[in-house]
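What follows is a set of notes on a single structure, which appears directly below.
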Amino acid sequence: MLRRWFALLGWIVWAALWAGCGGVQVTTAPAATASPSPAWTLTPYLTPSPSPTLSSTPPRLPTAAMPSPTPWTYQVQKGDTMLGIALRFGVPLEELKQANPGVDPQFLSVGARLIIPVNADNPAGLPTPTPVPLTVGTPFCAPAVDGSAVCLVTVTNPGPQAVEAVSVWVALENGEARNVEALNDLLPAGSTTVAVARFAPPAPPRPRAAARLLRALPVDEERQQQRYLSVALDETKTTIAVDGRSARVVGEATVNAEQTGQIWVVAVAYDDRGRPVGARRWEAGAPTAGGQTVSFAFTLYSIGPRIARVALSAEAHAAGD
């Protein structure tokens with residue numbers, strides 16, 4: 001065993017001497033130097049939002065078919081005659097009879113509704129899908145404490161001619177829809193009115209809606225003078241509550257005509273962003289004689305945001321209208 005160790009030691013010594021004589025060239029690798037850190041590029045990618053966000057654009061209307069516009073109608077009052085109604089609306093008696101073939105002109109029932117052929121291009125007073133073009137705003141909606149929802153939408157008449165019988169189709173994103181009338185029956189050129197749509201519970205917790213004009217009938221000056229009377233508002237005062245959630249409106253209204261008329265006063269509340277947040281129509285309890293003044297007082301409530309201002313308008317319908 002000892003001999004083997006001596007032999008192995010001899011081989012090691014011999015190999016070392018041979019390498020030192022140049023038999024094998026040994027090179028030493030240079031010391032490694034620290035290289036600069038690479039410049040990493042972060043590529044952004046989309047991740048799901050932690051919570052849903054609301055878009056400022058109005059929602060798409062439901063796919064349900066929009067209802068057809070309804071014709072302009074009149075409810076028969078005590079003492080009305082077919083001829084008197086024709087004269088009041090400025091339409092030919094024969095056209096009125098043709099538009100109501102199932103009504104006996106000699107025996108009008110109180111409460112019955114007559115179709116008024118106010119459109120010369122549509123003498124039968126049938127629904128038309130092309131109303132006078134008006135500007136319809138984006139509905140502003142808010143939930144109510146009972147689980148319902150209320151939506152207010154402005155309608156502006158940018159044209160040179162007055163219109164009446166304005167109605168709007170308002171639809172929530174869940175498919176619920178309402179056909180609602182504007183608070184003002186007459187919408188003169190350059191004026192604005194509001195339509196209010198109420199949706200029964202359960203309504204979406206964050207109701208959003210879209211709207212389309214459904215009906216608006218043109219009114220020439222002659223017919224406007226026959227159906228509507230001028231009204232003057234005086235001594236009006238609006239007091240907004242400290243919390244901005246309500247406003248008290250008081251004033252006086254006078255019929256500027258010799259005829260007797262039914263007075264309406266319409267109040268619309270707007271927030272500081274110009275959105276309609278409240279609306280109410282006050283109606284006199286009885287027709288007002290020409291030149292007579294009536295006082296009004298009512299409270300207007302906001303559906304959510306603080307009230308910044310209140311706009312008032314008034315109209316009077318000729319007696320029996």
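Scheme for the structure tokens: letters A, B, ... for chains in order shown; per-chain residue numbers from 1; ligand numbers from 1 in order shown.
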TODO: From the DSSP assignment of the backbone, select every residue of region 147-232 of chain A that is strand (DSSP E or B), and format the answer as a VMD selection string.
DONE: chain A and resid 149 to 156 162 to 172 177 to 182 186 to 187 192 to 199 209 to 219 228 to 229 231 to 232
Open item on the list: Which residues are near Gln292 (chain A)? Cut-off 12 Å, only C-alpha atoms, ignore same chain within fewer than 6 positions. Put them as an MDAnalysis selection string.
Closed with: chainID A and resid 231:232 252:263 286
Open item on the list: Taking only C-alpha atoms into account, name the residue in A:Ala177, A:Val150, A:Leu93, A:Val266 that is nearest to Pro205 (chain A).
Closed with: A:Val150
Open item on the list: Calculated over only C-alpha atoms, which of the candidates A:Arg306, A:Lys97, A:Arg113, A:Arg273 has the smallest distance to Gln77 (chain A)?
Closed with: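 Using only C-alpha atoms, the shortest distance to Gln77 (chain A) belongs to A:Arg113.
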Open item on the list: Using DSSP assignments from the backbone, pull out every residue in region 83-214 of chain A that falls under helix (DSSP H, G or I) and give it to me as a count of residues only.
Closed with: 14
- [ ] Rank nothing, just name the residue among A:Leu183, A:Ile240, A:Leu172, A:Ala99 nearest to Ala200 (chain A), using only C-alpha atoms.
- [x] A:Leu172
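From CA of Leu233 (chain A) back to CA of Phe298 (chain A), the distance works out to 14.8 Å.
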Open item on the list: Please compute the CA of Ala209 (chain A)-CA of Pro139 (chain A) distance, one decimal, in Å.
Closed with: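 Atom-to-atom, CA of Ala209 (chain A) and CA of Pro139 (chain A) are spaced 6.0 Å apart.
Nearest to Val265 (chain A) of all the residues A:Ala210, A:Ala319, A:Ala247, A:Asp185 is A:Asp185, based on only C-alpha atoms.
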Task: Shell of 12 Å around Val145 (chain A), only C-alpha atoms, local chain residues under 6 positions omitted, as a ChimeraX atom specification - done: /A:200-203,205,303-304
Task: Gap from CA of Ala314 (chain A) to CA of Thr236 (chain A) - Å, one decimal - done: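 Taking CA of Ala314 (chain A) and CA of Thr236 (chain A), their separation equals 11.9 Å.
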- [ ] Identify which of the residues A:Glu221, A:Thr73, A:Asn184, A:Val310 lies closest to Val268 (chain A), counting only C-alpha atoms when measuring atom-to-atom distances.
- [x] A:Val310
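You can rank A:Ala316, A:Cys141, A:Ser191, A:Arg178 by their closest distance to Glu283 (chain A) using only C-alpha atoms, and at the top of that list sits A:Ala316.
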TODO: Would you mind listing what lies within 12 Å of Gln75 (chain A) as a PyMOL selection string, with only C-alpha atoms counted and same-chain residues fewer than 2 positions away left out?
DONE: chain A and resi 72-73+77-78+80-82+85+108-116+320-321
